[in-house]
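Below is entry_18.cif, holding mmCIF, C-alpha atoms.
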data_data
#
loop_
_atom_site.group_PDB
_atom_site.id
_atom_site.type_symbol
_atom_site.label_atom_id
_atom_site.label_comp_id
_atom_site.auth_asym_id
_atom_site.auth_seq_id
_atom_site.Cartn_x
_atom_site.Cartn_y
_atom_site.Cartn_z
ATOM 1 C CA MET A 1 111.037 25.899 -20.756
ATOM 2 C CA LYS A 2 108.490 27.453 -23.070
ATOM 3 C CA LEU A 3 107.185 24.056 -24.028
ATOM 4 C CA ALA A 4 106.908 23.052 -20.405
ATOM 5 C CA ARG A 5 104.968 26.205 -19.580
ATOM 6 C CA LEU A 6 102.672 25.731 -22.524
ATOM 7 C CA TRP A 7 102.026 22.152 -21.472
ATOM 8 C CA GLY A 8 101.273 23.292 -17.950
ATOM 9 C CA TRP A 9 98.872 25.940 -19.100
ATOM 10 C CA SER A 10 97.136 23.478 -21.407
ATOM 11 C CA VAL A 11 96.684 21.052 -18.546
ATOM 12 C CA VAL A 12 95.233 23.788 -16.360
ATOM 13 C CA LEU A 13 92.951 24.976 -19.138
ATOM 14 C CA SER A 14 91.777 21.432 -19.829
ATOM 15 C CA SER A 15 91.004 20.926 -16.163
ATOM 16 C CA VAL A 16 89.011 24.151 -16.048
ATOM 17 C CA LEU A 17 87.109 23.277 -19.179
ATOM 18 C CA LEU A 18 86.342 19.740 -17.950
ATOM 19 C CA GLY A 19 85.198 21.087 -14.584
ATOM 20 C CA SER A 20 83.008 23.669 -16.255
ATOM 21 C CA LEU A 21 81.532 21.027 -18.513
ATOM 22 C CA ALA A 22 80.814 18.687 -15.589
ATOM 23 C CA TRP A 23 79.157 21.525 -13.635
ATOM 24 C CA SER A 24 77.034 22.453 -16.655
ATOM 25 C CA GLN A 25 75.943 18.831 -17.085
ATOM 26 C CA GLN A 26 75.014 18.608 -13.406
ATOM 27 C CA GLN A 27 72.939 21.776 -13.662
ATOM 28 C CA THR A 28 71.178 20.433 -16.717
ATOM 29 C CA ILE A 29 70.331 17.135 -14.976
ATOM 30 C CA GLU A 30 68.986 18.949 -11.919
ATOM 31 C CA GLU A 31 66.872 21.225 -14.109
ATOM 32 C CA LEU A 32 65.448 18.252 -15.974
ATOM 33 C CA GLU A 33 64.639 16.491 -12.683
ATOM 34 C CA ARG A 34 62.931 19.658 -11.367
ATOM 35 C CA ARG A 35 60.787 20.037 -14.479
ATOM 36 C CA PHE A 36 59.897 16.318 -14.424
ATOM 37 C CA ASN A 37 58.799 16.499 -10.788
ATOM 38 C CA GLU A 38 56.721 19.605 -11.483
ATOM 39 C CA LYS A 39 54.959 17.834 -14.363
ATOM 40 C CA ILE A 40 54.263 14.764 -12.193
ATOM 41 C CA ALA A 41 52.878 16.945 -9.389
ATOM 42 C CA ALA A 42 50.661 18.892 -11.798
ATOM 43 C CA LYS A 43 49.347 15.684 -13.378
ATOM 44 C CA THR A 44 48.611 14.156 -9.965
ATOM 45 C CA LYS A 45 46.739 17.279 -8.868
ATOM 46 C CA LYS A 46 44.691 17.321 -12.091
ATOM 47 C CA GLU A 47 43.732 13.637 -11.747
ATOM 48 C CA ALA A 48 42.669 14.180 -8.119
ATOM 49 C CA ALA A 49 40.441 17.093 -9.170
ATOM 50 C CA GLN A 50 38.873 14.978 -11.934
ATOM 51 C CA ARG A 51 38.131 12.124 -9.482
ATOM 52 C CA GLN A 52 36.487 14.538 -7.077
ATOM 53 C CA ALA A 53 34.351 16.005 -9.870
ATOM 54 C CA ARG A 54 33.205 12.494 -10.916
ATOM 55 C CA LYS A 55 32.208 11.650 -7.334
ATOM 56 C CA LYS A 56 30.051 14.755 -7.130
ATOM 57 C CA SER A 57 28.371 14.059 -10.468
ATOM 58 C CA ASP A 58 27.635 10.426 -9.465
ATOM 59 C CA ARG A 59 25.779 11.428 -6.308
ATOM 60 C CA PRO A 60 21.967 11.069 -6.618
ATOM 61 C CA VAL A 61 20.274 14.398 -6.823
ATOM 62 C CA GLU A 62 17.958 14.844 -3.845
ATOM 63 C CA THR A 63 14.688 16.448 -4.772
ATOM 64 C CA ARG A 64 12.316 17.461 -2.030
ATOM 65 C CA GLN A 65 8.716 17.540 -3.066
ATOM 66 C CA ALA A 66 5.885 18.828 -0.999
ATOM 67 C CA GLN A 67 4.194 15.851 0.635
ATOM 68 C CA GLU A 68 0.581 15.593 -0.353
ATOM 69 C CA PRO A 69 -1.830 14.894 2.485
ATOM 70 C CA VAL A 70 -2.899 11.238 2.611
ATOM 71 C CA ALA A 71 -6.624 10.899 2.229
ATOM 72 C CA ARG A 72 -8.160 8.685 4.872
ATOM 73 C CA PRO A 73 -10.311 5.884 3.474
ATOM 74 C CA THR A 74 -14.018 6.468 3.973
ATOM 75 C CA GLU A 75 -15.526 4.028 6.444
ATOM 76 C CA ARG A 76 -18.073 1.938 4.584
ATOM 77 C CA PHE A 77 -20.498 1.022 7.376
ATOM 78 C CA VAL A 78 -21.528 3.910 9.617
ATOM 79 C CA LEU A 79 -23.641 3.560 12.746
ATOM 80 C CA THR A 80 -26.310 6.282 12.738
ATOM 81 C CA ASP A 81 -27.878 8.103 15.691
ATOM 82 C CA GLY A 82 -31.075 6.152 15.037
ATOM 83 C CA GLY A 83 -29.335 2.830 15.664
ATOM 84 C CA THR A 84 -29.219 1.787 12.025
ATOM 85 C CA ILE A 85 -26.161 1.117 9.858
ATOM 86 C CA ARG A 86 -25.688 3.093 6.673
ATOM 87 C CA ASP A 87 -23.681 1.551 3.844
ATOM 88 C CA SER A 88 -21.757 4.459 2.301
ATOM 89 C CA THR A 89 -21.020 2.362 -0.799
ATOM 90 C CA THR A 90 -24.588 1.454 -1.769
ATOM 91 C CA GLY A 91 -26.562 4.079 0.172
ATOM 92 C CA LEU A 92 -28.655 1.364 1.839
ATOM 93 C CA GLU A 93 -29.564 1.643 5.500
ATOM 94 C CA TRP A 94 -29.632 -1.612 7.474
ATOM 95 C CA SER A 95 -31.068 -2.528 10.830
ATOM 96 C CA GLN A 96 -28.186 -3.250 13.178
ATOM 97 C CA SER A 97 -29.693 -6.461 14.580
ATOM 98 C CA ASP A 98 -31.678 -9.334 13.114
ATOM 99 C CA ASN A 99 -35.029 -10.486 14.535
ATOM 100 C CA GLY A 100 -33.263 -12.758 17.053
ATOM 101 C CA SER A 101 -34.967 -16.120 16.384
ATOM 102 C CA ASP A 102 -35.719 -18.633 13.626
ATOM 103 C CA ILE A 103 -38.357 -17.419 11.195
ATOM 104 C CA ASP A 104 -39.912 -18.559 7.928
ATOM 105 C CA TRP A 105 -39.988 -16.461 4.759
ATOM 106 C CA GLU A 106 -43.541 -15.093 5.089
ATOM 107 C CA ASP A 107 -43.052 -14.063 8.728
ATOM 108 C CA ALA A 108 -39.694 -12.473 7.790
ATOM 109 C CA THR A 109 -41.464 -10.442 5.128
ATOM 110 C CA ARG A 110 -44.129 -9.311 7.611
ATOM 111 C CA TYR A 111 -41.449 -8.519 10.202
ATOM 112 C CA CYS A 112 -39.879 -5.975 7.889
ATOM 113 C CA ASP A 113 -43.174 -4.609 6.621
ATOM 114 C CA ASN A 114 -44.348 -3.999 10.197
ATOM 115 C CA LYS A 115 -41.338 -1.751 10.826
ATOM 116 C CA GLY A 116 -43.113 0.810 8.666
ATOM 117 C CA GLY A 117 -41.623 3.366 6.321
ATOM 118 C CA ASN A 118 -39.654 1.820 3.491
ATOM 119 C CA TRP A 119 -38.270 -1.153 5.427
ATOM 120 C CA ARG A 120 -38.227 -4.388 3.447
ATOM 121 C CA LEU A 121 -36.410 -7.693 3.106
ATOM 122 C CA PRO A 122 -33.190 -7.206 1.112
ATOM 123 C CA ALA A 123 -32.481 -8.685 -2.297
ATOM 124 C CA SER A 124 -30.026 -11.592 -2.320
ATOM 125 C CA SER A 125 -27.496 -9.409 -4.181
ATOM 126 C CA GLU A 126 -27.760 -6.792 -1.410
ATOM 127 C CA LEU A 127 -27.100 -9.428 1.231
ATOM 128 C CA GLN A 128 -24.140 -10.739 -0.739
ATOM 129 C CA GLY A 129 -22.962 -7.135 -1.094
ATOM 130 C CA ILE A 130 -22.317 -6.816 2.664
ATOM 131 C CA TYR A 131 -20.348 -10.087 2.701
ATOM 132 C CA ASP A 132 -16.630 -9.346 3.123
ATOM 133 C CA VAL A 133 -14.158 -12.207 3.592
ATOM 134 C CA SER A 134 -11.701 -9.836 5.306
ATOM 135 C CA LEU A 135 -14.177 -9.173 8.156
ATOM 136 C CA SER A 136 -15.637 -11.494 10.768
ATOM 137 C CA ILE A 137 -18.150 -11.373 13.605
ATOM 138 C CA PRO A 138 -19.740 -14.114 15.711
ATOM 139 C CA CYS A 139 -23.251 -15.064 14.630
ATOM 140 C CA GLY A 140 -24.809 -17.834 16.666
ATOM 141 C CA THR A 141 -22.560 -20.893 16.538
ATOM 142 C CA SER A 142 -20.820 -19.704 13.390
ATOM 143 C CA THR A 143 -18.788 -16.736 12.101
ATOM 144 C CA CYS A 144 -20.251 -14.240 9.632
ATOM 145 C CA ARG A 145 -18.095 -12.304 7.202
ATOM 146 C CA THR A 146 -19.421 -8.785 7.471
ATOM 147 C CA SER A 147 -18.987 -5.568 9.455
ATOM 148 C CA PRO A 148 -18.558 -6.001 13.239
ATOM 149 C CA LYS A 149 -21.064 -3.179 13.665
ATOM 150 C CA PHE A 150 -23.860 -5.683 13.010
ATOM 151 C CA ARG A 151 -25.367 -7.724 15.872
ATOM 152 C CA LEU A 152 -26.369 -11.068 14.370
ATOM 153 C CA THR A 153 -27.697 -14.216 16.050
ATOM 154 C CA GLU A 154 -27.468 -16.555 13.037
ATOM 155 C CA TRP A 155 -25.726 -16.974 9.682
ATOM 156 C CA GLY A 156 -28.673 -17.438 7.238
ATOM 157 C CA PHE A 157 -30.832 -14.541 5.994
ATOM 158 C CA TRP A 158 -33.932 -14.524 3.824
ATOM 159 C CA SER A 159 -34.025 -12.363 0.716
ATOM 160 C CA ASN A 160 -37.163 -10.841 -0.808
ATOM 161 C CA GLU A 161 -36.856 -13.035 -3.920
ATOM 162 C CA ARG A 162 -38.829 -16.175 -4.612
ATOM 163 C CA ALA A 163 -37.046 -19.063 -6.317
ATOM 164 C CA SER A 164 -40.358 -20.776 -7.130
ATOM 165 C CA SER A 165 -43.929 -20.893 -5.871
ATOM 166 C CA SER A 166 -42.754 -22.768 -2.780
ATOM 167 C CA GLU A 167 -39.164 -21.567 -2.330
ATOM 168 C CA ALA A 168 -37.322 -18.318 -1.680
ATOM 169 C CA PHE A 169 -33.657 -17.380 -1.870
ATOM 170 C CA ASP A 170 -31.542 -16.896 1.229
ATOM 171 C CA VAL A 171 -27.883 -15.951 1.747
ATOM 172 C CA THR A 172 -25.399 -17.396 4.245
ATOM 173 C CA LEU A 173 -23.060 -14.758 5.587
ATOM 174 C CA TYR A 174 -20.379 -17.221 6.637
ATOM 175 C CA SER A 175 -19.713 -18.089 2.973
ATOM 176 C CA GLY A 176 -21.572 -15.456 0.947
ATOM 177 C CA GLY A 177 -23.411 -18.201 -0.918
ATOM 178 C CA ARG A 178 -27.018 -18.015 -2.113
ATOM 179 C CA GLY A 179 -29.426 -20.908 -1.854
ATOM 180 C CA ALA A 180 -33.138 -21.667 -2.250
ATOM 181 C CA ASP A 181 -35.192 -23.065 0.630
ATOM 182 C CA HIS A 182 -38.837 -23.817 1.245
ATOM 183 C CA VAL A 183 -40.703 -20.694 2.368
ATOM 184 C CA GLY A 184 -41.880 -22.577 5.464
ATOM 185 C CA ASP A 185 -38.353 -23.505 6.551
ATOM 186 C CA ARG A 186 -37.369 -21.753 9.782
ATOM 187 C CA ASP A 187 -34.177 -23.493 10.846
ATOM 188 C CA SER A 188 -31.266 -21.057 11.258
ATOM 189 C CA ARG A 189 -32.962 -18.331 9.192
ATOM 190 C CA ARG A 190 -33.306 -14.730 10.336
ATOM 191 C CA SER A 191 -34.961 -11.493 9.347
ATOM 192 C CA GLY A 192 -34.261 -7.931 10.334
ATOM 193 C CA PHE A 193 -30.827 -7.070 8.955
ATOM 194 C CA VAL A 194 -32.005 -4.283 6.667
ATOM 195 C CA CYS A 195 -31.994 -0.943 4.774
ATOM 196 C CA ALA A 196 -34.110 2.129 4.249
ATOM 197 C CA ALA A 197 -35.896 0.105 1.638
ATOM 198 C CA SER A 198 -36.589 -2.706 4.089
ATOM 199 C CA LEU A 199 -34.496 -5.868 4.405
ATOM 200 C CA SER A 200 -34.987 -9.120 6.409
ATOM 201 C CA MET A 201 -33.591 -12.557 6.955
ATOM 202 C CA VAL A 202 -35.318 -15.867 7.809
ATOM 203 C CA LEU A 203 -33.076 -18.266 9.644
ATOM 204 C CA GLY A 204 -31.995 -14.882 10.963
ATOM 205 C CA TYR A 205 -33.669 -12.196 8.841
ATOM 206 C CA LEU A 206 -32.493 -8.675 8.112
ATOM 207 C CA ALA A 207 -34.451 -5.643 7.143
ATOM 208 C CA ILE A 208 -33.476 -2.905 4.713
ATOM 209 C CA TRP A 209 -34.851 0.562 4.605
#

Please express what this file holds, its structure, as structure tokens.
Amino acid sequence: MKLARLWGWSVVLSSVLLGSLAWSQQQTIEELERRFNEKIAAKTKKEAAQRQARKKSDRPVETRQAQEPVARPTERFVLTDGGTIRDSTTGLEWSQSDNGSDIDWEDATRYCDNKGGNWRLPASSELQGIYDVSLSIPCGTSTCRTSPKFRLTEWGFWSNERASSSEAFDVTLYSGGRGADHVGDRDSRRSGFVCAASLSMVLGYLAIW
């Protein structure tokens, strides 16, 4: 009987111990799982914060600077109250229109001189100086490359420079080229496209003041 009781109690005790051990193991596993999940959640949160910080640092920094006023370009050719055209680049003052008909070099010179004051035929370099390939105006049967403020009836203009005893230089405002022609030649030359120093053109002369 005593042995049977002892055996019974040992069985009960073993069962209790095994149950306690199993419960303890279960608690340990659950605790480990809880800690693991907490670590994963913390790591995920940290990585998300780092990604957000990188996005902010990669954004271009917007800097607002005070906008400086844009200076308007100065108009080169200005029509004056006296009906002349002032070249703001060179300071020369030109007559707005040429003499209106073919003219030889000597008559072109007199045409400008008779205007009085400082009017004169322009130098060939001054005529070439008002040539601008980006501009165009009708001049007789051709197109001249200069300011549309001018009123021209031809494309060739006498300069005040002699090329020889019998020739003088003229400038064509459709190409900007300079040539030498006989001083008695009148065809397509003008005078009267000038400055306050007196400028003219023969085959269409200009005058400069």

- [ ] Any chance you could resolve the PyMOL selection byres ((chain A and resi 140-153) around 8) against this file and give the residues as a PyMOL selection string?
- [x] chain A and resi 77+79+85+96-98+100-101+130-139+154-155+173-176+204

Open item on the list: Quick one: residues within 8 Å of Gly184 (chain A), all atoms listed in the file, excluding same-chain residues fewer than 5 positions away - as an MDAnalysis selection string?
Closed with: chainID A and resid 104:106

- [ ] Have a look at CA of Arg120 (chain A) and CA of Arg86 (chain A) and let me know their distance in Å, one decimal.
- [x] 15.0 Å

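Atom pair CA of Val183 (chain A) / CA of Ser95 (chain A) has a distance of 22.2 Å (rounded to one decimal).
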
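Between CA of Asp102 (chain A) and CA of Asp187 (chain A) the separation is 5.8 Å.
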
TODO: Could you tell me which of A:Asn99, A:Thr28, A:Thr172, A:Ser166 comes closest to Asp185 (chain A) if we count all atoms listed in the file?
DONE: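 Closest to Asp185 (chain A) of all the choices is A:Ser166.
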
Task: Counting all atoms listed in the file, the option among A:Gly91, A:Gly82, A:Gly179, A:Gly117 closest to Ser159 (chain A) - done: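 So, comparing all the options, the nearest one is A:Gly179.
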
Enclose region 47-52 of chain A, meaning all of its atoms listed in the file, in a box aligned along x, y and z, pad it by 6 Å on each side, and list the centre and edge lengths in Å to one decimal, as JSON.
{"center_x": 40.1, "center_y": 14.6, "center_z": -9.5, "size_x": 19.2, "size_y": 17.0, "size_z": 16.9}

Open item on the list: Measuring between only C-alpha atoms, which one of A:Trp119, A:Gly83, A:Ala108, A:Lys43 shows the shortest distance to Arg186 (chain A)?
Closed with: A:Ala108

Open item on the list: Given the PyMOL selection byres ((chain A and resi 168) around 8) and the file above, list the residues it selects as a PyMOL selection string.
Closed with: chain A and resi 105+158-164+166-167+169-170+180-183
